[in-house]
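Engineer: Provided herewith: upload_30.csv, CSV, C-alpha atoms.
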chain,number,residue,atom,x,y,z
A,538,MET,CA,17.3,-20.5,-11.6
A,539,ALA,CA,14.2,-18.5,-12.1
A,540,VAL,CA,12.8,-16.2,-9.5
A,541,GLN,CA,9.4,-17.1,-8.2
A,542,LYS,CA,6.8,-14.4,-8.3
A,543,SER,CA,4.7,-14.5,-5.2
A,544,ILE,CA,1.1,-13.8,-5.9
A,545,ASP,CA,-0.6,-10.9,-4.3
A,546,SER,CA,-2.0,-11.5,-0.8
A,547,SER,CA,0.3,-14.4,-0.1
A,548,SER,CA,2.6,-12.1,1.8
A,549,LEU,CA,1.3,-10.0,4.7
A,550,ALA,CA,4.3,-7.7,4.6
A,551,GLU,CA,3.6,-6.9,0.9
A,552,VAL,CA,0.0,-6.3,1.7
A,553,ILE,CA,0.8,-4.0,4.6
A,554,ASP,CA,3.3,-2.1,2.5
A,555,ARG,CA,0.5,-1.2,0.2
A,556,ILE,CA,-3.0,-1.0,1.7
A,557,LEU,CA,-2.4,1.2,4.7
A,558,ASP,CA,-1.1,4.3,3.1
A,559,LYS,CA,-1.4,4.0,-0.7
A,560,GLY,CA,-4.2,4.3,-3.2
A,561,ILE,CA,-7.0,6.6,-2.1
A,562,VAL,CA,-6.1,7.5,1.5
A,563,ILE,CA,-8.4,9.2,3.8
A,564,ASP,CA,-6.3,11.2,6.1
A,565,ALA,CA,-8.1,11.4,9.4
A,566,PHE,CA,-6.9,10.2,12.7
A,567,VAL,CA,-10.2,8.6,13.5
A,568,ARG,CA,-11.0,6.8,10.3
A,569,VAL,CA,-14.7,6.3,10.9
A,570,SER,CA,-16.9,8.4,8.7
A,571,VAL,CA,-16.1,11.8,7.5
A,572,VAL,CA,-17.1,15.0,9.0
A,573,GLY,CA,-18.7,17.4,6.5
A,574,ILE,CA,-18.0,15.7,3.3
A,575,GLU,CA,-18.9,18.8,1.3
A,576,ILE,CA,-15.8,20.6,2.5
A,577,LEU,CA,-13.5,17.6,1.8
A,578,THR,CA,-10.5,18.8,-0.1
A,579,VAL,CA,-8.8,16.5,-2.6
A,580,GLU,CA,-5.1,16.9,-2.6
A,581,ALA,CA,-2.4,14.9,-4.3
A,582,ARG,CA,0.6,14.5,-2.1
A,583,VAL,CA,3.7,12.4,-1.8
A,584,VAL,CA,3.1,9.4,0.4
A,585,ILE,CA,5.3,9.4,3.4
A,586,ALA,CA,7.6,6.5,4.4
A,587,SER,CA,5.3,3.5,4.9
A,588,VAL,CA,6.8,1.8,8.0
A,589,ASP,CA,6.6,5.0,10.0
A,590,THR,CA,3.1,5.6,8.9
A,591,TRP,CA,2.2,2.0,9.7
A,592,LEU,CA,3.6,2.3,13.2
A,593,ARG,CA,1.8,5.6,13.8
A,594,TYR,CA,-1.4,4.1,12.5
A,595,ALA,CA,-1.0,0.9,14.5
A,596,GLU,CA,-0.4,3.0,17.6
A,597,ALA,CA,-3.3,5.3,16.7
A,598,VAL,CA,-5.8,2.4,16.6
A,599,GLY,CA,-4.3,0.8,19.7
A,600,LEU,CA,-2.8,-2.2,17.9
A,601,LEU,CA,0.5,-1.7,19.7
A,602,SER,CA,-1.2,-2.0,23.0
A,603,ASP,CA,-2.0,-5.7,22.5
A,604,GLU,CA,-5.5,-5.0,21.1
A,605,ALA,CA,-6.6,-4.4,24.6
A,606,GLU,CA,-9.2,-2.0,23.3
A,607,GLU,CA,-10.9,-4.1,20.6
A,608,GLN,CA,-14.1,-2.6,21.6
A,609,ASP,CA,-15.6,0.2,19.6
A,610,ARG,CA,-13.9,3.5,20.1
A,611,LEU,CA,-16.3,5.6,18.3
A,612,PRO,CA,-16.2,9.3,19.0
A,613,ALA,CA,-19.2,10.6,20.8
A,614,HIS,CA,-22.1,11.8,18.7
A,615,GLN,CA,-22.3,15.5,18.0
A,616,ASN,CA,-24.4,17.8,15.9
A,617,GLU,CA,-27.5,15.7,16.2
A,618,GLY,CA,-29.4,18.4,14.4
A,619,ASN,CA,-27.5,17.9,11.2
A,620,ALA,CA,-26.8,14.2,11.4
A,621,ARG,CA,-26.3,13.4,7.8
A,622,PHE,CA,-22.7,14.6,7.5
A,623,SER,CA,-21.6,14.6,11.0
A,624,ILE,CA,-19.9,12.0,13.2
B,881,MET,CA,-26.2,5.5,21.8
B,882,SER,CA,-29.0,2.9,21.1
B,883,GLU,CA,-28.5,-0.7,21.9
B,884,GLU,CA,-29.1,-1.6,18.3
B,885,GLN,CA,-25.9,-2.2,16.3
B,886,GLN,CA,-25.2,0.7,14.0
B,887,THR,CA,-24.0,-0.2,10.5
B,888,GLY,CA,-21.7,1.6,8.2
B,889,ILE,CA,-20.4,1.3,4.7
B,890,TYR,CA,-16.9,-0.1,4.3
B,891,ILE,CA,-15.3,0.9,1.0
B,892,PHE,CA,-12.8,-1.2,-1.0
B,893,CYS,CA,-12.1,0.3,-4.4
B,894,GLY,CA,-13.3,2.4,-7.2
B,895,ILE,CA,-14.1,0.9,-10.6
B,896,GLN,CA,-15.2,2.0,-14.0
B,897,THR,CA,-18.4,0.3,-15.2
B,898,ASP,CA,-21.0,0.8,-17.8
B,899,THR,CA,-23.9,-0.7,-16.0
B,900,GLU,CA,-25.9,0.9,-13.3
B,901,ALA,CA,-27.2,-2.4,-12.3
B,902,ASP,CA,-25.7,-4.2,-9.3
B,903,GLU,CA,-23.3,-6.8,-10.7
B,904,GLN,CA,-22.9,-10.0,-8.9
B,905,LEU,CA,-19.7,-9.2,-7.1
B,906,GLY,CA,-19.7,-11.9,-4.5
B,907,HIS,CA,-19.3,-11.9,-0.7
B,908,VAL,CA,-16.7,-10.9,1.8
B,909,GLU,CA,-16.3,-12.3,5.3
B,910,VAL,CA,-15.9,-9.4,7.8
B,911,GLU,CA,-14.9,-10.6,11.2
B,912,GLY,CA,-16.7,-13.9,10.9
B,913,GLU,CA,-19.8,-12.6,9.2
B,914,GLU,CA,-20.6,-13.0,5.5
B,915,LYS,CA,-21.5,-9.7,3.8
B,916,GLU,CA,-22.6,-9.0,0.3
B,917,LEU,CA,-20.6,-6.7,-1.9
B,918,PHE,CA,-22.4,-4.0,-3.7
B,919,THR,CA,-21.7,-0.9,-5.8
B,920,ILE,CA,-22.5,2.7,-5.4
B,921,HIS,CA,-22.7,4.5,-8.7
B,922,TYR,CA,-22.0,7.9,-10.2
B,923,LYS,CA,-21.9,8.3,-14.0
B,924,ASP,CA,-19.5,5.5,-15.3
B,925,ALA,CA,-17.8,5.1,-11.9
B,926,ALA,CA,-18.7,3.1,-8.9
B,927,ILE,CA,-17.3,2.3,-5.5
B,928,VAL,CA,-17.4,-1.3,-4.2
B,929,ALA,CA,-18.6,-1.5,-0.7
B,930,ALA,CA,-20.1,-3.7,2.0
B,931,GLU,CA,-22.5,-2.9,4.9
B,932,VAL,CA,-20.7,-3.7,8.1
B,933,PRO,CA,-21.0,-2.9,11.8
B,934,MET,CA,-20.0,0.7,12.4
B,935,LYS,CA,-16.7,0.6,14.3
B,936,ILE,CA,-13.0,0.9,13.9
B,937,TYR,CA,-11.5,-2.0,12.0
B,938,HIS,CA,-8.1,-2.9,13.4
B,939,PRO,CA,-5.3,-3.6,10.9
B,940,ASN,CA,-4.9,-7.2,12.1
B,941,LYS,CA,-4.0,-9.9,9.7
B,942,ASP,CA,-7.5,-11.1,9.0
B,943,ASN,CA,-8.9,-7.6,8.3
B,944,LEU,CA,-5.9,-6.6,6.1
B,945,MET,CA,-6.3,-9.8,4.1
B,946,MET,CA,-10.1,-9.3,3.9
B,947,HIS,CA,-9.5,-5.9,2.3
B,948,GLN,CA,-6.9,-7.1,-0.1
B,949,SER,CA,-8.9,-10.2,-1.1
B,950,VAL,CA,-11.9,-8.2,-2.1
B,951,ILE,CA,-9.8,-5.9,-4.4
B,952,SER,CA,-8.2,-9.0,-5.9
B,953,LEU,CA,-11.6,-10.5,-6.5
B,954,ILE,CA,-12.8,-7.3,-8.2
B,955,MET,CA,-9.7,-7.1,-10.3
B,956,LYS,CA,-10.6,-10.5,-11.8
B,957,LYS,CA,-13.9,-9.1,-13.0
B,958,ASN,CA,-13.0,-5.6,-13.9
B,959,SER,CA,-10.0,-4.1,-15.7
B,960,THR,CA,-10.1,-0.6,-14.2
B,961,VAL,CA,-9.8,-0.8,-10.4
B,962,ILE,CA,-8.7,2.1,-8.2
B,963,PRO,CA,-7.7,0.8,-4.8
B,964,ILE,CA,-8.7,2.5,-1.6
B,965,SER,CA,-6.6,2.2,1.5
B,966,PHE,CA,-7.6,0.0,4.4
B,967,GLY,CA,-10.2,0.8,7.1
B,968,ASN,CA,-12.6,3.4,5.8
B,969,VAL,CA,-16.1,3.2,7.0
B,970,PHE,CA,-18.8,5.7,6.1
B,971,HIS,CA,-22.1,6.4,7.8
B,972,SER,CA,-24.4,5.8,4.8
B,973,LYS,CA,-24.5,5.0,1.1
B,974,GLU,CA,-25.4,8.7,0.5
B,975,ASP,CA,-22.1,9.8,2.1
B,976,VAL,CA,-20.2,7.4,-0.1
B,977,LYS,CA,-22.0,8.8,-3.1
B,978,VAL,CA,-21.0,12.3,-2.2
B,979,LEU,CA,-17.4,11.1,-1.8
B,980,LEU,CA,-17.6,9.5,-5.3
B,981,GLU,CA,-19.0,12.7,-6.8
B,982,ASN,CA,-16.2,14.6,-5.3
B,983,LEU,CA,-13.6,12.1,-6.5
B,984,TYR,CA,-15.1,11.7,-10.0
B,985,PRO,CA,-13.0,14.4,-11.8
B,986,GLN,CA,-9.9,12.5,-10.6
B,987,PHE,CA,-11.4,9.1,-11.5
B,988,GLU,CA,-12.2,10.3,-15.0
B,989,LYS,CA,-8.5,11.2,-15.5
B,990,LEU,CA,-7.3,8.0,-13.8
B,991,PHE,CA,-9.5,5.5,-15.6
B,992,PRO,CA,-7.7,5.6,-19.0
B,993,GLU,CA,-4.3,5.6,-17.3
B,994,ILE,CA,-4.9,2.4,-15.4
B,995,LYS,CA,-7.3,0.5,-17.6
B,996,GLY,CA,-6.0,-3.0,-18.1
B,997,LYS,CA,-2.9,-2.4,-16.0
B,998,ILE,CA,-1.5,-4.1,-13.0
B,999,GLU,CA,1.3,-3.4,-10.5
B,1000,LEU,CA,4.3,-5.6,-10.0
B,1001,GLY,CA,6.6,-5.2,-7.0
B,1002,LEU,CA,10.3,-5.9,-6.8
B,1003,LYS,CA,12.4,-5.7,-3.7
B,1004,VAL,CA,16.1,-6.4,-4.0
B,1005,VAL,CA,18.1,-7.3,-0.8
B,1006,GLY,CA,21.9,-7.6,-0.8
B,1007,LYS,CA,23.3,-11.0,0.2
B,1008,LYS,CA,25.4,-10.8,3.3
B,1009,GLU,CA,28.5,-12.3,1.6
B,1010,TRP,CA,28.3,-9.9,-1.3
B,1011,LEU,CA,27.9,-6.9,1.0
B,1012,ALA,CA,30.9,-8.1,3.0
B,1013,SER,CA,33.0,-8.6,0.0
B,1014,ARG,CA,32.2,-5.1,-1.3
B,1015,ILE,CA,33.1,-3.5,2.0
B,1016,GLY,CA,36.3,-5.6,1.9
B,1017,GLU,CA,37.3,-3.8,-1.3
B,1018,ASN,CA,37.2,-0.5,0.6
B,1019,ALA,CA,40.7,0.0,2.1
B,1020,LYS,CA,39.6,2.6,4.6
B,1021,ALA,CA,36.8,0.4,6.0
B,1022,GLY,CA,39.3,-2.5,6.3
B,1023,GLU,CA,41.7,-0.5,8.3
B,1024,MET,CA,39.0,0.8,10.5
B,1025,ALA,CA,37.6,-2.6,11.1
B,1026,LYS,CA,41.0,-3.9,12.1
B,1027,ALA,CA,41.4,-1.0,14.5
B,1028,VAL,CA,38.1,-1.9,16.2
B,1029,GLN,CA,39.0,-5.6,16.5
B,1030,GLY,CA,40.0,-6.8,19.9
B,1031,LYS,CA,39.0,-3.6,21.6
B,1032,SER,CA,36.1,-3.4,24.0
B,1033,GLU,CA,32.9,-1.8,22.7
B,1034,ALA,CA,33.3,1.1,25.1
B,1035,ALA,CA,37.0,1.7,24.1
B,1036,SER,CA,36.2,1.7,20.3
B,1037,TYR,CA,32.9,3.6,20.6
B,1038,TYR,CA,33.7,6.4,18.2
B,1039,GLU,CA,35.6,4.1,15.8
B,1040,ARG,CA,32.5,1.9,15.6
B,1041,ILE,CA,30.4,4.9,14.8
B,1042,GLN,CA,32.8,5.9,12.0
B,1043,LEU,CA,32.8,2.4,10.7
B,1044,GLY,CA,29.0,2.5,10.6
B,1045,GLY,CA,29.2,5.7,8.6
B,1046,VAL,CA,31.4,4.1,6.1
B,1047,ALA,CA,29.1,1.1,5.8
B,1048,GLN,CA,26.1,3.4,5.3
B,1049,GLN,CA,28.0,5.2,2.5
B,1050,LEU,CA,28.7,1.8,0.9
B,1051,VAL,CA,25.0,0.8,1.0
B,1052,THR,CA,24.0,4.1,-0.5
B,1053,SER,CA,26.4,3.6,-3.4
B,1054,LEU,CA,25.2,0.0,-3.9
B,1055,GLN,CA,21.6,1.3,-4.0
B,1056,LYS,CA,22.6,3.7,-6.7
B,1057,GLU,CA,24.4,0.9,-8.6
B,1058,ILE,CA,21.3,-1.4,-8.3
B,1059,GLN,CA,19.1,1.4,-9.5
B,1060,GLU,CA,21.1,1.8,-12.6
B,1061,GLU,CA,21.6,-1.9,-13.3
B,1062,LEU,CA,18.2,-3.2,-12.4
B,1063,PHE,CA,15.7,-0.5,-12.0
B,1064,THR,CA,16.5,1.5,-15.1
B,1065,PRO,CA,16.2,-1.4,-17.6
B,1066,LEU,CA,12.9,-2.5,-16.0
B,1067,LYS,CA,11.6,1.0,-16.0
B,1068,GLU,CA,11.9,1.1,-19.7
B,1069,GLU,CA,9.5,-1.8,-20.0
B,1070,ALA,CA,6.9,-0.3,-17.8
B,1071,HIS,CA,4.3,2.4,-18.2
B,1072,ALA,CA,5.3,4.0,-15.0
B,1073,SER,CA,7.5,3.0,-12.1
B,1074,LYS,CA,8.2,4.1,-8.5
B,1075,ILE,CA,10.9,3.7,-6.0
B,1076,ASN,CA,9.9,3.5,-2.4
B,1077,ASP,CA,12.2,3.8,0.6
B,1078,PRO,CA,14.0,0.6,1.3
B,1079,LEU,CA,12.8,-1.4,4.3
B,1080,GLY,CA,15.8,-2.4,6.4
B,1081,GLU,CA,19.5,-1.7,5.9
B,1082,LYS,CA,20.2,-4.5,3.4
B,1083,MET,CA,17.4,-3.6,1.0
B,1084,LEU,CA,18.9,-2.0,-2.0
B,1085,LEU,CA,15.8,-1.5,-4.1
B,1086,ASN,CA,12.1,-1.3,-3.3
B,1087,ALA,CA,10.3,-0.6,-6.6
B,1088,ALA,CA,6.8,-0.9,-8.1
B,1089,PHE,CA,6.0,-1.0,-11.8
B,1090,LEU,CA,2.8,-0.3,-13.7
B,1091,ILE,CA,2.4,-2.9,-16.5
B,1092,ASP,CA,-0.1,-3.8,-19.1
B,1093,ARG,CA,-1.9,-7.0,-18.0
B,1094,ASP,CA,-0.9,-8.7,-21.3
B,1095,LYS,CA,2.7,-7.7,-20.9
B,1096,GLU,CA,3.1,-9.4,-17.6
B,1097,GLU,CA,4.9,-12.5,-18.9
B,1098,GLU,CA,7.3,-10.3,-20.9
B,1099,PHE,CA,8.1,-8.4,-17.8
B,1100,ASP,CA,8.5,-11.6,-15.8
B,1101,ARG,CA,11.1,-12.7,-18.4
B,1102,LYS,CA,13.0,-9.5,-18.1
B,1103,VAL,CA,13.0,-9.8,-14.3
B,1104,ASN,CA,14.3,-13.3,-14.7
B,1105,GLU,CA,17.1,-12.3,-17.0
B,1106,LEU,CA,18.3,-9.7,-14.5
B,1107,HIS,CA,17.9,-12.3,-11.7
B,1108,ASP,CA,20.2,-14.7,-13.6
B,1109,LYS,CA,22.8,-12.0,-13.8
B,1110,TRP,CA,22.6,-11.0,-10.2
B,1111,GLU,CA,21.5,-14.0,-8.2
B,1112,ASP,CA,24.9,-14.5,-6.6
B,1113,LYS,CA,24.9,-11.0,-5.2
B,1114,VAL,CA,21.3,-10.2,-4.2
B,1115,GLU,CA,17.9,-11.8,-3.4
B,1116,PHE,CA,14.9,-10.8,-5.5
B,1117,SER,CA,11.5,-10.6,-3.9
B,1118,TYR,CA,9.1,-10.3,-6.9
B,1119,SER,CA,5.4,-10.0,-6.3
B,1120,GLY,CA,2.1,-9.3,-8.1
B,1121,PRO,CA,-0.1,-8.7,-9.8
B,1122,TRP,CA,-1.3,-6.1,-7.4
B,1123,PRO,CA,-3.9,-3.4,-7.6
B,1124,VAL,CA,-2.2,-0.2,-8.7
B,1125,TYR,CA,-1.6,1.1,-5.2
B,1126,ASN,CA,1.7,2.7,-5.9
B,1127,PHE,CA,0.3,4.7,-8.8
B,1128,ILE,CA,-2.7,6.2,-7.2
B,1129,ASN,CA,-2.0,9.0,-4.9
B,1130,ILE,CA,-5.1,10.8,-3.7
B,1131,ARG,CA,-5.2,12.0,-0.2
B,1132,LEU,CA,-8.5,13.2,1.2
B,1133,LYS,CA,-8.2,15.5,4.0
B,1134,VAL,CA,-11.0,15.5,6.5
B,1135,GLU,CA,-11.5,18.9,7.9
B,1136,ASP,CA,-13.4,19.6,11.0
B,1137,ALA,CA,-16.7,21.2,10.4
Re-express the file's structure as structure tokens.
Structural biologist:
Amino acid sequence: MAVQKSIDSSSLAEVIDRILDKGIVIDAFVRVSVVGIEILTVEARVVIASVDTWLRYAEAVGLLSDEAEEQDRLPAHQNEGNARFSI
Amino acid sequence: MSEEQQTGIYIFCGIQTDTEADEQLGHVEVEGEEKELFTIHYKDAAIVAAEVPMKIYHPNKDNLMMHQSVISLIMKKNSTVIPISFGNVFHSKEDVKVLLENLYPQFEKLFPEIKGKIELGLKVVGKKEWLASRIGENAKAGEMAKAVQGKSEAASYYERIQLGGVAQQLVTSLQKEIQEELFTPLKEEAHASKINDPLGEKMLLNAAFLIDRDKEEEFDRKVNELHDKWEDKVEFSYSGPWPVYNFINIRLKVEDA
């Protein structure tokens, strides 16, 4: 009996296993915009165990607290003087 | 903050493209609203993006699938796609352009490596009966299991722990066996391959392979041959084609200004 190949995006687990911590990853706890893009350092690094990361990430964005905080949780505006590359 | 909704630029993937002109890429539905996809260019590279309300996008099912479906769509139109992880929103197109300029040296190296290639995923999970029969072959484990039988959980606490240790050793040795028997022959067919940590105790292999798009059927056949040989012992979970997530490993660190 032949093994069926499930096509991409048909399995949420397979999607999660990839898109949260693989590819180009921007490593910031608050993942909205980037502070000071000009000092951004590019670094190749071994990706850490995905489930753990997923959980930490889910926790970080409040997913594990029942999406109670669906509302925007944007950090406060700072550095109004130099708005272009600031949060 | 003003009442007016701020917008940001959500980024999906990098592509190699000759044209500076905006290609017709299509649309994406972001939390119920239709958004047009566009590209931000630098030299022969571009980032596929959409303008969205500026906020944190939660990794719920709809949002995750939205991200994945856009990259799938782009892969149908473009043969050189560098996937970006979920949930990144920038303030402006200019910021994304700066990001792309910073990434360009990496993109330049990556483009020829991934052009026309796809990722295929293979997870192998041991069938319960097979795992049980293999542990049955282990005399020590058999004896220990007998010793535990009939005793209360509390009375056999340490024996149970030891038994667990033996089981773990067995799984580790099975993982090695599967690596040699399944992963190694597939690896030879692929441009590159990667083993990820198994998810769950019964998973014996969690692998990804980088394959030429036009070699996909050949690889399918090879996977099927191995499946025929192993189907009594293990379950295969074979998936793809995926964007080459497992073969791009760029981490951008955001430093505080």
Engineer: Tell me the residues of chain B close to chain A, meaning within 7 Å using all atoms listed in the file, as number ranges by chain.
Structural biologist: B: 935-936, 938, 945, 948, 963-971, 979, 1077, 1104, 1107-1108, 1118-1122, 1125-1126, 1128-1137
Engineer: I'd like the neighbourhood of B:Ile998 as a ChimeraX atom specification, where a residue qualifies if any of its atoms comes within 12 Å (using all atoms listed in the file), though same-chain residues fewer than 5 positions away should be ignored.
Structural biologist: /A:545 /B:952,955-956,958-963,993,1070-1073,1088-1096,1099,1119-1128
Engineer: Hey, can you check how far atom CA of B:Glu1098 sits from atom CA of B:Lys997?
Structural biologist: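 Computing it gives 13.8 Å between the two atoms.
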Engineer: Mind pulling up the distance from atom CA of B:Asn1086 to atom CA of B:Ile891?
Structural biologist: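 Between atom CA of B:Ile891 and atom CA of B:Asn1086 the gap is 27.8 Å.
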Engineer: In Å, how far is it from atom CA of B:Ala925 to atom CA of B:Leu1000?
Structural biologist: 24.6 Å
Engineer: From (21.2, -0.1, 2.6), in the file's coordinates, out to 12 Å: which residues are reached, counting only C-alpha atoms? Answer as number ranges by chain.
Structural biologist: B: 1004-1008, 1011, 1044-1058, 1077-1086
